[in-house]
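Presented below is the structure to which this report refers.
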Amino acid sequence: MKAPPFAYAKPRALAEALELLARPGAQALAGGQSLIPSLNMRLSSPELLVDITGLAELKGIGLEQGVVRIGALVTHAEIERADVVKQHLPLLAAAVPHIAHPAIRNRGTIGGSLALADPAAEYPACALALDATIVIEGAKGKREVKAEKFFKGLFETDLKPGELLTAVEFKAQMKDERSAFLELARRRGDYATVGLAAFAANGAKRLAYFGAGDRPLLATHAAKAGDLEAAKAALAQDLRPPADLYHSSATKLHLARVLLERAWNTL
Amino acid sequence: MGRAELPLHAPGTQLDKGYIGQRVPRPNAQRLLQGRGAYTDDLRFPRLAHVAFFRSPHAHAKIRRLDFSKALKAPGVIGVFDGRAVAEVCTPWVAVLAHLKGIKSPPQHAIAIERACWQGEAVAAAVAESRSQAEDAVALIEADWEPLPAVIDMDEALAGKTVIHPELGDNICFRRELDTGGVDDAFAKADVVVEETYGFGRHTGVCNEGRALLADYNAAEHSLTVYHATQAPHMMQDIFSRHLGIPEANVRVITKDVGGSFGIKVHVYPDEMATAALSVMLRRPVKFVADRLESFLSDIHAREHRTKVRLACSKAGEILAFELDDLTPIGPYSVYPRTSGIEGNQVVNLTGGPYRHQQYRAKMHVVFTNKNVTCQYRAVGHPIAVALTEAIVDLAAAKLGMDPAEFRRKNLIPDDAYPYTFPSGLKFEQLSHHQALDKLLALMDYKALRAEQAALRKRKVYRGIGLAAMIEVTNPSPAFYGVGGARISAQDGATLRLEPTGMVTVMCSVTEQGQGTEAIFAQIAASAVGVSLDKVRVITGDTGVTPYGGGTWASRGAGIGGEAVLLAGRALRANMIDLAAAILKADKAELDVRDNAVVHKLTQEQKLPLAELGRVGYFRPDTLPADFQAELTVTRHYTPRQYGFTFTNGIQASLVEVDPDTGLVKLLRHWCVEDCGTLINPMLVDEQIRGGVVQGIGAALFEECLYDENGQLLNGNMADYLVPMAGEMPDIVCAHLETPTRQSQLGAKGVGEAGTAGAPGAVMNAINDALAPLGARVTAMPFTPERILRALGRVA
Amino acid sequence: MEHAVEATITVNGTEVRRRIEPRQHLVDFLREELGLTGSHLGCEHGVCGACTVRVDGAIVRGCLMLAVQADGCKVETIEGLSDSGELAKLQQAFHARNALQCGFCTPAMLLTARDLQLRNPKAGREQIREHLSGNYCRCTGYQAIVDAVEEVLHGKG
């Protein structure tokens, strides 16, 4: 399981990185916790890896005017330890310990996780639940995309070739707002069988499921239901989870209902 | 025949077992703790070449064309070879044994020729200066395939509409029937008959260290040295010799540190044979290490069974008969040299093992499929035999409204009934089922757990308690393999040498894979000779150094290797006393060896330090009588002869909590009471049991090699194939009984596989006990949330 | 070495400068180039944890980091951490409790346990299991390892 050959560059500035990423066969390398396994398994064969971990402008967590901005290169471990996250983004704080294991969290980045958009990953669902804004930079400049528009399909995001996800912005959670994070997995640290990142504000709920579709999905019908039983019934309209190696579609939907039940009263 | 004889020192002195029975930390663990072990992949050689294999993507296909032209031009490539090229150097093998009547299998080559029979079978090899370059070359090999119909489903294999090897006539590798007679009568007159069909998922060993072999052929000498992560170096020496045409004594197999084995590394693998052949062909060292993806595709799989079981008992709860119909699909070849018929054979032999019924009928078929090959994996057929026995026993107990422990108590073979012959023909020397049951129930506070269970049920918390009684095959005699014609040695030998400075070197033919073989041999040697533990060094795993023997398998290391060490140790001590008597001009009957010195046997007064004994014996024999020769190196061998297998017994319990909403099972605690005869190092025994239990838990809850209908392995990586990790495992309480075997002086039986043998059954029974109030039952392992939710009717 | 890149890595306190093929991961570099074979490869896709090393004070999967990415970094392996004595108490406890059998996962277990000791020295049994939950062991069943770590953290017998 040795990776195929590729070239390597480590730009020192964003402009340089974007220029390198515009080359054919170029791919961004950050934490590498998902990319390098796929290289070792010879599932992908890039010509050039552009190591973006030297780009200072992609690091750092800041709170400004009620918005928490997390740089794409911030690692899961940094998020786990950040007071800003614990105080202002409890949903994210609850999600982080579920991501893999400590050694992976020391290298894996939030930008990498969002850009990969694994349907069973934690952050994309959190971003969806919190209506986060994804910040993207490309040759044509900077643009922002709401999470709802960013995750488009199986491992498919709104990132165009040559673009880089540089940050993600979350509104800080207010006192009267509630969040709940629940994940079912057979073993600690595994990708979720099914998970729910939920957020309630101003009487409205955002129920973002992961592991229940080709991308994180908002259960909009269930969120509008008046009571729990109606919400559980409505979930069938929101989710048609594909079966995985171990769980049928029906089981996934059932488990999604179980999570809804467990989260309901905390919202 | 010898009898279990400890203490080791003469009567009249203080009872002294030396180090035997002590929880001594392993001396050879220090290097492993510092990352200074030497696993096969750690070795460095001049001109070392690396091989990577081109493996069939099809479950069954003719190889129409292989084109190596691009591969040969890749950087660092030394050669690219197909099956025909390797066949010129390595002869094929057929994995059948005479005592498995009717077993059949076609010849298998080191690299497949003309046809690939499972996804992952090697059909070409690329050798290069580095593994990366070898893999680059493999990626450039072009192949044309003609896919053939693949036989995947076990029933289809049995029906034989498509026959994988037409020359064999059908897909049946081996079948067996056993009938004591009187079975139909027993079922007819029974008050209660229960019947259930169990499924066991195919799974595999997942050793942390991949299979590894470094072959070094010396063309000048026509000699081959193979550094091989194997459990049986002498067996491999014989096989390399015969199949590569190199005289036996010119082949040396050296086993360095092994990163876990569990039976996976005791078999002959075609890609490993190919690696050795390539070294001969290229006249330079060649290394192969199976990476994780190819491990899943090509390490032996095991334990895929579907078994229908019936049990007949009286309304008083007395078991009258067992009946069994077992079907197990293996790969397209029986695996060499132990055959793939043994696992099913054991299911037939061992089902119902702890109980005293007399009537038994069994039918078993082993069928070829186009999935990966299967063979013996830790505990072999025991996990299946124990699980289905203990599950059907629980079912009968439930039908009678009887507590499962009580039901077992009524039926376990009494502790004074030995020697005992079991309906399948097994002979038990002496077991302790009832003592074990008593000890277990006390250890786990069974009554309190039942009371707690009842209370929690009222609050809709569903806990379950599962028991699994078991017998286990250990210390096998030649009856296991030798009688069938296999050149697998059931005896082992130990050479003990007193060094001039008074240290003792032990060379033994049993091998170490982490269980602590070298530690217990040091303990036995130190005790038998009379030196302190720090004076002993143990060498294993080198056919050029140790006596000839069988190696590690079937839980035989302590009982057989240990006995050889004990016998050699006693003989060495006797020789040392002879020398001491000559030096001291004393009567040898008054001398003993103790604490690194020759002492007066009765007064314990120190007479001569061993360093002095060694100095005179080796460097100053001129000071001794002319007709005296010191013999300070002694070799002894041992073969268990009286019993075909030395059976042990044990009983396990699992406490679980099942979440009926999610189908997730939480393992709260696990217990094991085990009787493996004389305990040499209880700490090592405990850890072997615990490791074995967790492996069994893996089979019960997590592990399954999933194939689709085309024979494609769907989960052959560690993210998708789930192994037990620390977060989900319970604490495991171990307790012991000691019923020594009288076949040896040491009295040790085996224990390495006991944990794995009983854990799946205990967990299955616990889950079903938890689900009982909800009217649900599960019978197919692994017990995934999907299966539990379906059984509960929560999912349609 | 078509795409080789020069990197300077401090390994166990010694500065090492090499031209490295980008595709070579850190543990292969340590094992093949520097002969530091104490870090092991069990899966090469980041799941088993046997490849755990310490980079700039943080434990990482050495198989999921390109060696060239360690340029300018401080890498510590089991050999260095053994020689410095940093792992001595853990090693002693592992030894006394037989918290290892084949030893293949052991260097990684020790580094991960040490990481826990530094970050959460009051960790209880459940937390110990959680922190070790990404390290695969097939031999021990984990309990002795948890016991050993618990003893070092809390001095329990």
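As shown in the structure tokens, the chain order sets the letters A, B, ...; within each chain, residues go from 1, and ligands are also counted from 1 in the order they appear.
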Worksheet item: So which residues touch C:Gly103 within 9 Å, counting only C-alpha atoms, skipping near sequence neighbours fewer than 5 positions away, as a VMD selection string?
Response: (chain B and resid 29 31 to 33 35 37 257 to 260 514) or (chain C and resid 139)
Practice prompt. Can you check which residues of stretch 638-734 of chain B DSSP gives as strand (DSSP E) on the backbone and send them as a PyMOL selection string?
Written response: chain B and resi 638+646-658+665-675+731-734
Worksheet entry | Test item: chain A residues at most 7 Å from chain C, counting only C-alpha atoms, as JSON, numbers by chain | {"A": [1, 3, 4, 5, 6, 7, 8, 32, 33, 36, 37, 40, 101, 102, 103, 104, 106, 107, 188]}
So that I have them on file, write out the residues from the current selection with N, CA and C atoms, as a CSV table (one decimal), in the first residue's frame.
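again-v6.csv, freshly written:
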```csv
chain,number,residue,atom,x,y,z
A,1,MET,N,0.8,-1.2,0.0
A,1,MET,CA,0.0,0.0,0.0
A,1,MET,C,0.9,1.2,0.0
A,3,ALA,N,1.9,4.7,-1.8
A,3,ALA,CA,1.3,5.7,-2.7
A,3,ALA,C,2.1,5.7,-4.1
A,4,PRO,N,1.3,6.1,-5.1
A,4,PRO,CA,2.0,6.3,-6.4
A,4,PRO,C,2.8,7.6,-6.4
A,5,PRO,N,3.7,7.7,-7.3
A,5,PRO,CA,4.5,8.9,-7.3
A,5,PRO,C,3.8,10.2,-7.6
A,6,PHE,N,4.1,11.3,-7.0
A,6,PHE,CA,3.6,12.6,-7.3
A,6,PHE,C,4.6,13.7,-6.9
A,7,ALA,N,4.4,14.9,-7.4
A,7,ALA,CA,5.2,16.0,-7.1
A,7,ALA,C,4.6,16.7,-5.9
A,8,TYR,N,5.5,17.5,-5.2
A,8,TYR,CA,5.0,18.2,-4.0
A,8,TYR,C,5.5,19.6,-4.0
A,32,GLY,N,-4.3,15.7,5.6
A,32,GLY,CA,-3.9,14.5,5.0
A,32,GLY,C,-4.6,13.2,5.5
A,33,GLN,N,-5.5,13.4,6.5
A,33,GLN,CA,-6.0,12.3,7.2
A,33,GLN,C,-7.0,11.5,6.4
A,36,ILE,N,-4.3,11.0,2.4
A,36,ILE,CA,-3.2,10.1,2.4
A,36,ILE,C,-3.6,8.6,2.4
A,37,PRO,N,-4.7,8.3,3.2
A,37,PRO,CA,-5.1,6.9,3.0
A,37,PRO,C,-5.5,6.5,1.6
A,40,ASN,N,-2.4,5.9,-0.3
A,40,ASN,CA,-1.8,4.7,0.1
A,40,ASN,C,-2.5,3.5,-0.5
A,101,HIS,N,-9.9,9.7,16.4
A,101,HIS,CA,-9.2,9.5,17.6
A,101,HIS,C,-8.1,10.7,17.8
A,102,PRO,N,-7.6,10.8,19.0
A,102,PRO,CA,-6.7,11.9,19.2
A,102,PRO,C,-5.6,12.2,18.2
A,103,ALA,N,-4.9,11.1,17.8
A,103,ALA,CA,-3.8,11.3,16.8
A,103,ALA,C,-4.3,11.8,15.5
A,104,ILE,N,-5.5,11.4,15.1
A,104,ILE,CA,-6.1,12.0,13.8
A,104,ILE,C,-6.5,13.4,14.0
A,106,ASN,N,-5.2,15.6,15.8
A,106,ASN,CA,-4.1,16.5,15.9
A,106,ASN,C,-3.7,17.0,14.5
A,107,ARG,N,-4.1,16.3,13.4
A,107,ARG,CA,-3.7,16.7,12.1
A,107,ARG,C,-4.9,17.1,11.2
A,188,ARG,N,-16.4,3.7,19.2
A,188,ARG,CA,-15.9,5.1,19.4
A,188,ARG,C,-15.0,5.5,18.3
```
Using only C-alpha atoms, which chain A residues lie at most 12 Å away from chain B, written as a PDB file with N, CA and C atoms, in the first residue's frame?
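Saved to iface_15.pdb:
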```
ATOM      1  N   MET A   1       0.830  -1.191   0.000  1.00  0.00           N
ATOM      2  CA  MET A   1       0.000   0.000   0.000  1.00  0.00           C
ATOM      3  C   MET A   1       0.867   1.244   0.000  1.00  0.00           C
ATOM      4  N   LYS A   2       1.719   1.342  -0.993  1.00  0.00           N
ATOM      5  CA  LYS A   2       2.578   2.522  -1.112  1.00  0.00           C
ATOM      6  C   LYS A   2       1.977   3.441  -2.161  1.00  0.00           C
ATOM      7  N   ALA A   3       1.945   4.703  -1.847  1.00  0.00           N
ATOM      8  CA  ALA A   3       1.323   5.670  -2.743  1.00  0.00           C
ATOM      9  C   ALA A   3       2.050   5.722  -4.083  1.00  0.00           C
ATOM     10  N   PRO A   4       1.328   6.058  -5.135  1.00  0.00           N
ATOM     11  CA  PRO A   4       1.990   6.253  -6.436  1.00  0.00           C
ATOM     12  C   PRO A   4       2.795   7.554  -6.399  1.00  0.00           C
ATOM     13  N   PRO A   5       3.695   7.743  -7.341  1.00  0.00           N
ATOM     14  CA  PRO A   5       4.542   8.941  -7.286  1.00  0.00           C
ATOM     15  C   PRO A   5       3.765  10.221  -7.599  1.00  0.00           C
ATOM     16  N   SER A  34      -7.541  12.109   5.332  1.00  0.00           N
ATOM     17  CA  SER A  34      -8.381  11.391   4.368  1.00  0.00           C
ATOM     18  C   SER A  34      -7.667  11.204   3.044  1.00  0.00           C
ATOM     19  N   PRO A  37      -4.661   8.252   3.160  1.00  0.00           N
ATOM     20  CA  PRO A  37      -5.140   6.861   3.027  1.00  0.00           C
ATOM     21  C   PRO A  37      -5.540   6.527   1.597  1.00  0.00           C
ATOM     22  N   SER A  38      -6.195   7.458   0.924  1.00  0.00           N
ATOM     23  CA  SER A  38      -6.626   7.134  -0.433  1.00  0.00           C
ATOM     24  C   SER A  38      -5.423   7.028  -1.367  1.00  0.00           C
ATOM     25  N   ASN A  40      -2.382   5.945  -0.297  1.00  0.00           N
ATOM     26  CA  ASN A  40      -1.752   4.670   0.075  1.00  0.00           C
ATOM     27  C   ASN A  40      -2.498   3.481  -0.513  1.00  0.00           C
ATOM     28  N   MET A  41      -3.809   3.643  -0.659  1.00  0.00           N
ATOM     29  CA  MET A  41      -4.607   2.562  -1.246  1.00  0.00           C
ATOM     30  C   MET A  41      -4.662   2.668  -2.765  1.00  0.00           C
ATOM     31  N   ARG A  42      -3.939   3.631  -3.310  1.00  0.00           N
ATOM     32  CA  ARG A  42      -3.914   3.854  -4.771  1.00  0.00           C
ATOM     33  C   ARG A  42      -5.306   4.058  -5.338  1.00  0.00           C
ATOM     34  N   LEU A  43      -6.146   4.769  -4.580  1.00  0.00           N
ATOM     35  CA  LEU A  43      -7.471   5.101  -5.072  1.00  0.00           C
ATOM     36  C   LEU A  43      -7.450   6.399  -5.854  1.00  0.00           C
ATOM     37  N   SER A  45      -4.599   9.385  -7.840  1.00  0.00           N
ATOM     38  CA  SER A  45      -3.271   9.509  -8.425  1.00  0.00           C
ATOM     39  C   SER A  45      -3.010  10.942  -8.871  1.00  0.00           C
ATOM     40  N   ALA A 100     -13.027  10.574  14.961  1.00  0.00           N
ATOM     41  CA  ALA A 100     -11.886   9.639  14.971  1.00  0.00           C
ATOM     42  C   ALA A 100     -11.243   9.529  16.352  1.00  0.00           C
ATOM     43  N   HIS A 101      -9.914   9.747  16.391  1.00  0.00           N
ATOM     44  CA  HIS A 101      -9.164   9.538  17.622  1.00  0.00           C
ATOM     45  C   HIS A 101      -8.148  10.657  17.791  1.00  0.00           C
ATOM     46  N   GLU A 183     -24.743  11.030  18.099  1.00  0.00           N
ATOM     47  CA  GLU A 183     -24.178  10.176  17.058  1.00  0.00           C
ATOM     48  C   GLU A 183     -24.251   8.726  17.481  1.00  0.00           C
ATOM     49  N   LEU A 184     -24.655   7.875  16.562  1.00  0.00           N
ATOM     50  CA  LEU A 184     -24.643   6.436  16.819  1.00  0.00           C
ATOM     51  C   LEU A 184     -23.535   5.812  15.983  1.00  0.00           C
ATOM     52  N   ALA A 185     -22.670   5.090  16.651  1.00  0.00           N
ATOM     53  CA  ALA A 185     -21.602   4.380  15.943  1.00  0.00           C
ATOM     54  C   ALA A 185     -21.343   3.083  16.674  1.00  0.00           C
ATOM     55  N   ARG A 186     -20.861   2.087  15.961  1.00  0.00           N
ATOM     56  CA  ARG A 186     -20.650   0.781  16.596  1.00  0.00           C
ATOM     57  C   ARG A 186     -19.442   0.827  17.526  1.00  0.00           C
ATOM     58  N   ARG A 187     -18.484   1.705  17.167  1.00  0.00           N
ATOM     59  CA  ARG A 187     -17.295   1.847  18.014  1.00  0.00           C
ATOM     60  C   ARG A 187     -16.954   3.314  18.111  1.00  0.00           C
ATOM     61  N   ARG A 188     -16.366   3.678  19.243  1.00  0.00           N
ATOM     62  CA  ARG A 188     -15.948   5.073  19.437  1.00  0.00           C
ATOM     63  C   ARG A 188     -15.033   5.502  18.310  1.00  0.00           C
ATOM     64  N   GLY A 189     -15.306   6.664  17.748  1.00  0.00           N
ATOM     65  CA  GLY A 189     -14.404   7.199  16.741  1.00  0.00           C
ATOM     66  C   GLY A 189     -14.733   6.779  15.319  1.00  0.00           C
ATOM     67  N   ASP A 190     -15.617   5.798  15.152  1.00  0.00           N
ATOM     68  CA  ASP A 190     -15.994   5.397  13.796  1.00  0.00           C
ATOM     69  C   ASP A 190     -16.811   6.498  13.136  1.00  0.00           C
ATOM     70  N   TYR A 191     -16.860   6.469  11.806  1.00  0.00           N
ATOM     71  CA  TYR A 191     -17.835   7.317  11.119  1.00  0.00           C
ATOM     72  C   TYR A 191     -19.226   6.946  11.633  1.00  0.00           C
ATOM     73  N   ALA A 192     -20.113   7.907  11.641  1.00  0.00           N
ATOM     74  CA  ALA A 192     -21.440   7.681  12.192  1.00  0.00           C
ATOM     75  C   ALA A 192     -22.222   6.669  11.375  1.00  0.00           C
ATOM     76  N   THR A 193     -22.977   5.837  12.076  1.00  0.00           N
ATOM     77  CA  THR A 193     -24.012   5.048  11.408  1.00  0.00           C
ATOM     78  C   THR A 193     -25.103   6.039  11.011  1.00  0.00           C
ATOM     79  N   VAL A 194     -25.565   6.757  12.000  1.00  0.00           N
ATOM     80  CA  VAL A 194     -26.451   7.902  11.766  1.00  0.00           C
ATOM     81  C   VAL A 194     -26.128   8.933  12.833  1.00  0.00           C
ATOM     82  N   ALA A 243     -28.664   2.218   2.178  1.00  0.00           N
ATOM     83  CA  ALA A 243     -28.134   1.174   3.048  1.00  0.00           C
ATOM     84  C   ALA A 243     -26.616   1.247   3.035  1.00  0.00           C
ATOM     85  N   ASP A 244     -25.989   0.847   4.126  1.00  0.00           N
ATOM     86  CA  ASP A 244     -24.530   0.720   4.093  1.00  0.00           C
ATOM     87  C   ASP A 244     -24.176  -0.753   4.262  1.00  0.00           C
ATOM     88  N   LEU A 245     -22.919  -1.036   4.510  1.00  0.00           N
ATOM     89  CA  LEU A 245     -22.487  -2.437   4.590  1.00  0.00           C
ATOM     90  C   LEU A 245     -23.250  -3.228   5.651  1.00  0.00           C
ATOM     91  N   TYR A 246     -23.674  -2.551   6.698  1.00  0.00           N
ATOM     92  CA  TYR A 246     -24.227  -3.267   7.852  1.00  0.00           C
ATOM     93  C   TYR A 246     -25.670  -2.914   8.177  1.00  0.00           C
ATOM     94  N   HIS A 247     -26.179  -1.846   7.605  1.00  0.00           N
ATOM     95  CA  HIS A 247     -27.515  -1.393   7.991  1.00  0.00           C
ATOM     96  C   HIS A 247     -28.372  -1.180   6.758  1.00  0.00           C
ATOM     97  N   SER A 248     -29.587  -1.689   6.800  1.00  0.00           N
ATOM     98  CA  SER A 248     -30.516  -1.458   5.714  1.00  0.00           C
ATOM     99  C   SER A 248     -31.029  -0.021   5.788  1.00  0.00           C
ATOM    100  N   SER A 249     -31.655   0.393   4.714  1.00  0.00           N
ATOM    101  CA  SER A 249     -32.230   1.737   4.681  1.00  0.00           C
ATOM    102  C   SER A 249     -33.260   1.897   5.793  1.00  0.00           C
ATOM    103  N   ALA A 250     -34.077   0.855   5.961  1.00  0.00           N
ATOM    104  CA  ALA A 250     -35.122   0.915   6.988  1.00  0.00           C
ATOM    105  C   ALA A 250     -34.511   1.084   8.377  1.00  0.00           C
ATOM    106  N   THR A 251     -33.414   0.397   8.628  1.00  0.00           N
ATOM    107  CA  THR A 251     -32.770   0.517   9.941  1.00  0.00           C
ATOM    108  C   THR A 251     -32.213   1.914  10.135  1.00  0.00           C
ATOM    109  N   LYS A 252     -31.627   2.457   9.096  1.00  0.00           N
ATOM    110  CA  LYS A 252     -31.077   3.816   9.208  1.00  0.00           C
ATOM    111  C   LYS A 252     -32.179   4.818   9.523  1.00  0.00           C
ATOM    112  N   LEU A 253     -33.312   4.667   8.874  1.00  0.00           N
ATOM    113  CA  LEU A 253     -34.415   5.582   9.130  1.00  0.00           C
ATOM    114  C   LEU A 253     -34.913   5.407  10.561  1.00  0.00           C
ATOM    115  N   HIS A 254     -34.998   4.166  10.971  1.00  0.00           N
ATOM    116  CA  HIS A 254     -35.409   3.882  12.354  1.00  0.00           C
ATOM    117  C   HIS A 254     -34.454   4.560  13.339  1.00  0.00           C
ATOM    118  N   LEU A 255     -33.167   4.427  13.103  1.00  0.00           N
ATOM    119  CA  LEU A 255     -32.175   5.010  14.015  1.00  0.00           C
ATOM    120  C   LEU A 255     -32.250   6.535  13.982  1.00  0.00           C
ATOM    121  N   ALA A 256     -32.556   7.076  12.807  1.00  0.00           N
ATOM    122  CA  ALA A 256     -32.713   8.531  12.717  1.00  0.00           C
ATOM    123  C   ALA A 256     -33.867   8.976  13.613  1.00  0.00           C
ATOM    124  N   ARG A 257     -34.920   8.181  13.634  1.00  0.00           N
ATOM    125  CA  ARG A 257     -36.064   8.497  14.500  1.00  0.00           C
ATOM    126  C   ARG A 257     -35.678   8.401  15.974  1.00  0.00           C
ATOM    127  N   VAL A 258     -34.889   7.400  16.288  1.00  0.00           N
ATOM    128  CA  VAL A 258     -34.440   7.247  17.680  1.00  0.00           C
ATOM    129  C   VAL A 258     -33.648   8.477  18.116  1.00  0.00           C
ATOM    130  N   LEU A 259     -32.791   8.978  17.249  1.00  0.00           N
ATOM    131  CA  LEU A 259     -32.003  10.164  17.592  1.00  0.00           C
ATOM    132  C   LEU A 259     -32.899  11.380  17.748  1.00  0.00           C
ATOM    133  N   LEU A 260     -33.886  11.468  16.897  1.00  0.00           N
ATOM    134  CA  LEU A 260     -34.814  12.592  16.983  1.00  0.00           C
ATOM    135  C   LEU A 260     -35.507  12.584  18.335  1.00  0.00           C
ATOM    136  N   GLU A 261     -35.927  11.392  18.720  1.00  0.00           N
ATOM    137  CA  GLU A 261     -36.600  11.243  20.006  1.00  0.00           C
ATOM    138  C   GLU A 261     -35.677  11.668  21.146  1.00  0.00           C
ATOM    139  N   ARG A 262     -34.420  11.273  21.054  1.00  0.00           N
ATOM    140  CA  ARG A 262     -33.497  11.566  22.141  1.00  0.00           C
ATOM    141  C   ARG A 262     -33.122  13.040  22.184  1.00  0.00           C
TER     142      ARG A 262
END
```
Discussion item. Please find the residues of chain C near chain B - the criterion being any atom within 7 Å, counting only C-alpha atoms - and write them as a PyMOL selection string.
Written reply: chain C and resi 37-39+42-43+47+78-79+82+91+95-96+98+101-104+106-107+129-130+132-133+136+138-143
Put those residues in a file: N, CA and C atoms, as a tab-separated table (two decimals), in the first residue's frame.
```
chain	number	residue	atom	x	y	z
C	37	THR	N	13.22	1.21	13.48
C	37	THR	CA	12.16	0.26	13.16
C	37	THR	C	11.18	0.05	14.30
C	38	GLY	N	11.28	0.83	15.35
C	38	GLY	CA	10.36	0.67	16.48
C	38	GLY	C	8.95	1.15	16.19
C	39	SER	N	8.78	2.02	15.21
C	39	SER	CA	7.43	2.43	14.79
C	39	SER	C	6.98	1.47	13.72
C	42	GLY	N	0.73	-1.23	10.54
C	42	GLY	CA	-0.26	-2.29	10.64
C	42	GLY	C	-1.34	-2.19	9.59
C	43	CYS	N	-1.54	-0.98	9.02
C	43	CYS	CA	-2.64	-0.87	8.07
C	43	CYS	C	-2.38	0.15	6.96
C	47	VAL	N	-5.92	3.58	10.67
C	47	VAL	CA	-6.94	3.04	11.57
C	47	VAL	C	-6.34	2.29	12.76
C	78	ILE	N	9.62	5.92	19.56
C	78	ILE	CA	9.74	5.08	20.75
C	78	ILE	C	11.20	4.94	21.19
C	79	GLU	N	12.10	4.89	20.23
C	79	GLU	CA	13.51	4.73	20.60
C	79	GLU	C	14.01	5.94	21.39
C	82	SER	N	12.36	6.23	24.75
C	82	SER	CA	12.86	5.22	25.69
C	82	SER	C	14.20	5.67	26.25
C	91	GLN	N	6.56	2.14	30.83
C	91	GLN	CA	7.15	0.87	30.40
C	91	GLN	C	7.23	-0.12	31.56
C	95	HIS	N	5.25	-3.64	31.76
C	95	HIS	CA	6.01	-4.87	31.94
C	95	HIS	C	5.47	-5.66	33.13
C	96	ALA	N	5.27	-4.97	34.23
C	96	ALA	CA	4.83	-5.64	35.45
C	96	ALA	C	3.46	-6.28	35.28
C	98	ASN	N	2.12	-7.22	32.30
C	98	ASN	CA	2.01	-7.95	31.04
C	98	ASN	C	1.02	-7.26	30.11
C	101	GLN	N	1.91	-8.34	24.51
C	101	GLN	CA	2.26	-9.73	24.21
C	101	GLN	C	3.18	-9.75	23.00
C	102	CYS	N	2.67	-9.55	21.82
C	102	CYS	CA	3.56	-9.60	20.65
C	102	CYS	C	4.36	-8.32	20.53
C	103	GLY	N	3.90	-7.25	21.15
C	103	GLY	CA	4.66	-6.00	21.17
C	103	GLY	C	4.47	-5.10	19.97
C	104	PHE	N	3.68	-5.53	18.98
C	104	PHE	CA	3.59	-4.75	17.75
C	104	PHE	C	2.88	-3.42	17.97
C	106	THR	N	2.70	-1.97	20.88
C	106	THR	CA	3.17	-1.42	22.15
C	106	THR	C	3.82	-0.03	22.06
C	107	PRO	N	4.73	0.20	21.13
C	107	PRO	CA	5.28	1.57	21.05
C	107	PRO	C	4.17	2.61	20.90
C	129	ARG	N	-9.72	4.25	28.43
C	129	ARG	CA	-10.18	3.40	27.32
C	129	ARG	C	-10.48	4.26	26.10
C	130	GLU	N	-11.09	5.40	26.33
C	130	GLU	CA	-11.44	6.28	25.21
C	130	GLU	C	-10.20	6.79	24.50
C	132	LEU	N	-7.33	5.45	24.32
C	132	LEU	CA	-6.64	4.36	23.64
C	132	LEU	C	-7.51	3.72	22.56
C	133	SER	N	-8.72	4.24	22.37
C	133	SER	CA	-9.68	3.55	21.52
C	133	SER	C	-9.28	3.56	20.05
C	136	TYR	N	-5.20	-0.33	17.98
C	136	TYR	CA	-5.63	-1.72	17.86
C	136	TYR	C	-4.63	-2.65	18.55
C	138	ARG	N	-4.49	-6.89	19.25
C	138	ARG	CA	-5.18	-8.16	19.02
C	138	ARG	C	-4.83	-9.17	20.10
C	139	CYS	N	-3.75	-8.92	20.83
C	139	CYS	CA	-3.26	-9.93	21.76
C	139	CYS	C	-3.84	-9.82	23.17
C	140	THR	N	-3.88	-8.61	23.72
C	140	THR	CA	-4.11	-8.51	25.17
C	140	THR	C	-5.55	-8.40	25.58
C	141	GLY	N	-6.44	-7.98	24.69
C	141	GLY	CA	-7.80	-7.70	25.16
C	141	GLY	C	-7.90	-6.38	25.89
C	142	TYR	N	-6.84	-5.59	25.89
C	142	TYR	CA	-6.81	-4.20	26.36
C	142	TYR	C	-6.80	-4.01	27.89
C	143	GLN	N	-7.35	-4.95	28.64
C	143	GLN	CA	-7.53	-4.67	30.07
C	143	GLN	C	-6.21	-4.41	30.79
```
Worksheet entry | Nearby residues (only C-alpha atoms) at most 8 Å from stretch 175-183 of chain B, same-chain spacing under 4 positions excluded, as a ChimeraX atom specification | /B:102-103,187,321-323,345,348,358-366,423-424
Discussion item. Please extract the residues of stretch 165-268 of chain B with a backbone DSSP assignment of alpha helix (DSSP H) and present them as a PyMOL selection string.
Written reply: chain B and resi 183-189+233-244
